[in-house]
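**Student:** Have a peek at final_29.txt (compact mmCIF, C-alpha atoms).
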# COMPACT_ATOMS: atom_id res chain seq x y z
CA MET L 610 0.00 0.00 0.00
CA GLY L 611 2.82 2.41 0.83
CA GLY L 612 4.39 2.33 -2.62
CA ARG L 613 1.07 2.72 -4.38
CA SER L 614 0.04 5.55 -2.08
CA THR L 615 3.24 7.45 -2.70
CA TRP L 616 2.86 7.04 -6.46
CA LEU L 617 -0.72 8.23 -6.16
CA SER L 618 0.36 11.24 -4.07
CA GLY L 619 2.32 12.45 -7.07
CA LYS L 620 -0.73 12.13 -9.31
CA LYS L 621 -3.85 12.77 -7.20
CA ILE L 622 -3.07 14.14 -3.74
CA GLY L 623 -6.71 14.19 -2.64
CA LEU L 624 -7.37 10.57 -3.51
CA ALA L 625 -4.07 9.46 -1.97
CA GLY L 626 -4.94 11.21 1.27
CA PHE L 627 -8.39 9.67 1.34
CA LEU L 628 -7.00 6.16 0.88
CA THR L 629 -4.24 6.57 3.45
CA ALA L 630 -6.20 6.81 6.68
CA LEU L 631 -4.40 4.31 8.91
CA PRO L 632 -1.72 6.02 11.06
CA LEU L 633 1.09 3.50 10.36
CA THR L 634 0.36 3.58 6.67
CA THR L 635 0.22 7.36 6.84
CA LEU L 636 3.60 7.61 8.53
CA LEU L 637 5.18 5.38 5.92
CA ALA L 638 3.40 6.93 2.96
CA LEU L 639 4.34 10.48 3.95
CA ALA L 640 7.99 9.53 4.38
CA PHE L 641 8.06 7.58 1.12
CA SER L 642 6.32 10.43 -0.72
CA GLN L 643 8.93 12.89 0.49
CA ILE L 644 11.75 10.51 -0.45
CA GLU L 645 10.27 9.73 -3.87
CA TRP L 646 9.24 13.24 -4.91
CA GLY L 647 11.55 15.40 -2.76
CA ASP L 648 8.90 18.12 -2.69
CA SER L 649 8.15 19.27 0.86
CA LYS L 650 5.25 21.49 -0.20
CA GLN L 651 3.56 18.57 -1.98
CA THR L 652 4.14 16.25 0.99
CA VAL L 653 2.66 18.82 3.40
CA GLU L 654 -0.43 19.10 1.16
CA TYR L 655 -0.65 15.31 1.15
CA ALA L 656 -0.53 15.30 4.98
CA LYS L 657 -3.32 17.89 5.10
CA SER L 658 -5.41 15.72 2.80
CA VAL L 659 -4.90 12.74 5.13
CA PHE L 660 -5.89 14.90 8.10
CA VAL L 661 -9.25 15.60 6.46
CA ALA L 662 -9.66 11.99 5.27
CA ILE L 663 -9.30 10.31 8.67
CA PRO L 664 -12.60 11.47 10.21
CA VAL L 665 -14.42 11.12 6.87
CA SER L 666 -13.21 7.52 6.48
CA ILE L 667 -15.01 6.61 9.70
CA LEU L 668 -18.22 6.70 7.63
CA PHE L 669 -17.33 3.14 6.61
CA PHE L 670 -18.17 1.93 10.13
CA VAL L 671 -21.58 3.61 10.45
CA PRO L 672 -23.55 0.64 9.02
CA PHE L 673 -21.79 -1.71 11.44
CA LEU L 674 -22.91 0.48 14.33
CA MET L 675 -26.51 0.20 13.11
CA ALA L 676 -26.38 -3.53 12.29
CA ASP L 677 -28.25 -4.76 15.36
CA LYS L 678 -30.93 -2.10 15.20
CA PHE L 679 -31.71 -2.78 11.52
CA ASN L 680 -30.81 -6.50 11.49
CA LEU L 681 -28.03 -6.05 8.90
CA ASN L 682 -25.62 -8.87 8.07
CA PHE L 683 -21.89 -8.40 7.49
CA TRP L 684 -22.02 -8.11 3.70
CA THR L 685 -24.82 -5.58 3.83
CA CYS L 686 -22.86 -3.50 6.33
CA TYR L 687 -19.70 -3.89 4.28
CA SER L 688 -21.42 -2.85 1.04
CA MET L 689 -23.10 0.10 2.69
CA GLY L 690 -19.78 1.09 4.24
CA ILE L 691 -18.10 1.04 0.84
CA ALA L 692 -20.93 3.17 -0.57
CA LEU L 693 -20.54 5.62 2.29
CA LEU L 694 -16.82 5.82 1.53
CA GLY L 695 -17.77 6.83 -2.00
CA LEU L 696 -19.87 9.63 -0.56
CA GLY L 697 -17.06 10.37 1.87
CA TYR L 698 -14.62 10.95 -0.95
CA PHE L 699 -16.76 13.82 -2.24
CA ILE L 700 -17.03 15.24 1.28
CA HIS L 701 -13.24 14.92 1.54
CA ALA L 702 -12.68 16.65 -1.80
CA TYR L 703 -14.90 19.55 -0.71
CA ALA L 704 -13.50 19.84 2.84
CA SER L 705 -9.89 19.67 1.62
CA LYS L 706 -10.36 23.05 -0.06
CA PHE L 707 -10.56 24.67 3.38
CA VAL L 708 -7.47 23.12 4.99
Turn this file's structure into structure tokens for me.
**Tutor:**
Amino acid sequence: MGGRSTWLSGKKIGLAGFLTALPLTTLLALAFSQIEWGDSKQTVEYAKSVFVAIPVSILFFVPFLMADKFNLNFWTCYSMGIALLGLGYFIHAYASKFV
């Protein structure tokens, strides 16, 4: 994931930040991005994108929190979570403009 994320950070910073929400992955991806591209400004923008993406990525877990109440099975929760991540990407793209 680290290598792909760093490649993506050079192409689509917003998408790379959205996909890199786990802290360990983030630490590695930021370091690898800086090493690969050598552009501190770009790496800082990438870090800002990740900062916005972390709370938005929690949308994935919302269906799991509602599973008992609505009698949802794993695959339904998983599918809904993926769909919410799709929505989350657009929220991320909008919110990133203000960071």
**Student:** Can you list, as JSON, numbers by chain, every protein, DNA or RNA residue that comes within 12 Å of Gln643 (chain L) when you count all atoms listed in the file, leaving out same-chain residues fewer than 2 positions away?
**Tutor:** {"L": [612, 614, 615, 616, 618, 619, 636, 637, 638, 639, 640, 641, 645, 646, 647, 648, 649, 650, 651, 652, 653, 654, 655, 656]}
**Student:** In Å, rounded to a single decimal, give me how far CA of Asp677 (chain L) is from CA of Leu696 (chain L).
**Tutor:**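 Computing the Euclidean distance for CA of Leu696 (chain L) and CA of Asp677 (chain L) yields 23.0 Å.
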**Student:** Please provide the set of residues having any atom within 10 Å of Ala692 (chain L), restricted to only C-alpha atoms, with same-chain residues fewer than 5 positions apart removed, written as a list in words.
**Tutor:**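 Contacts, in chain order: Leu668, Phe669, Cys686, Tyr687 and Gly697 of chain L.
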**Student:** Around (-11.3, 13.0, 8.0), as given in the file, which residues come within 12 Å? Count all atoms listed in the file and list them as a ChimeraX atom specification.
**Tutor:** /L:623,626-631,656-669,694,697-705,708
**Student:** One decimal, Å: what's the distance from CA of Val671 (chain L) over to CA of Gly690 (chain L), could you say?
**Tutor:**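 Computing the Euclidean distance for CA of Val671 (chain L) and CA of Gly690 (chain L) yields 6.9 Å.
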**Student:** Between L:Ser642, L:Leu693, L:Thr634, L:Lys678, which has the minimum distance to Ile622 (chain L) (counting all atoms listed in the file)?
**Tutor:**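 Result for the nearest residue to Ile622 (chain L): L:Ser642.
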**Student:** Provide the CA of Ser688 (chain L) to CA of Leu633 (chain L) distance in Å, to one decimal place.
**Tutor:** 25.2 Å
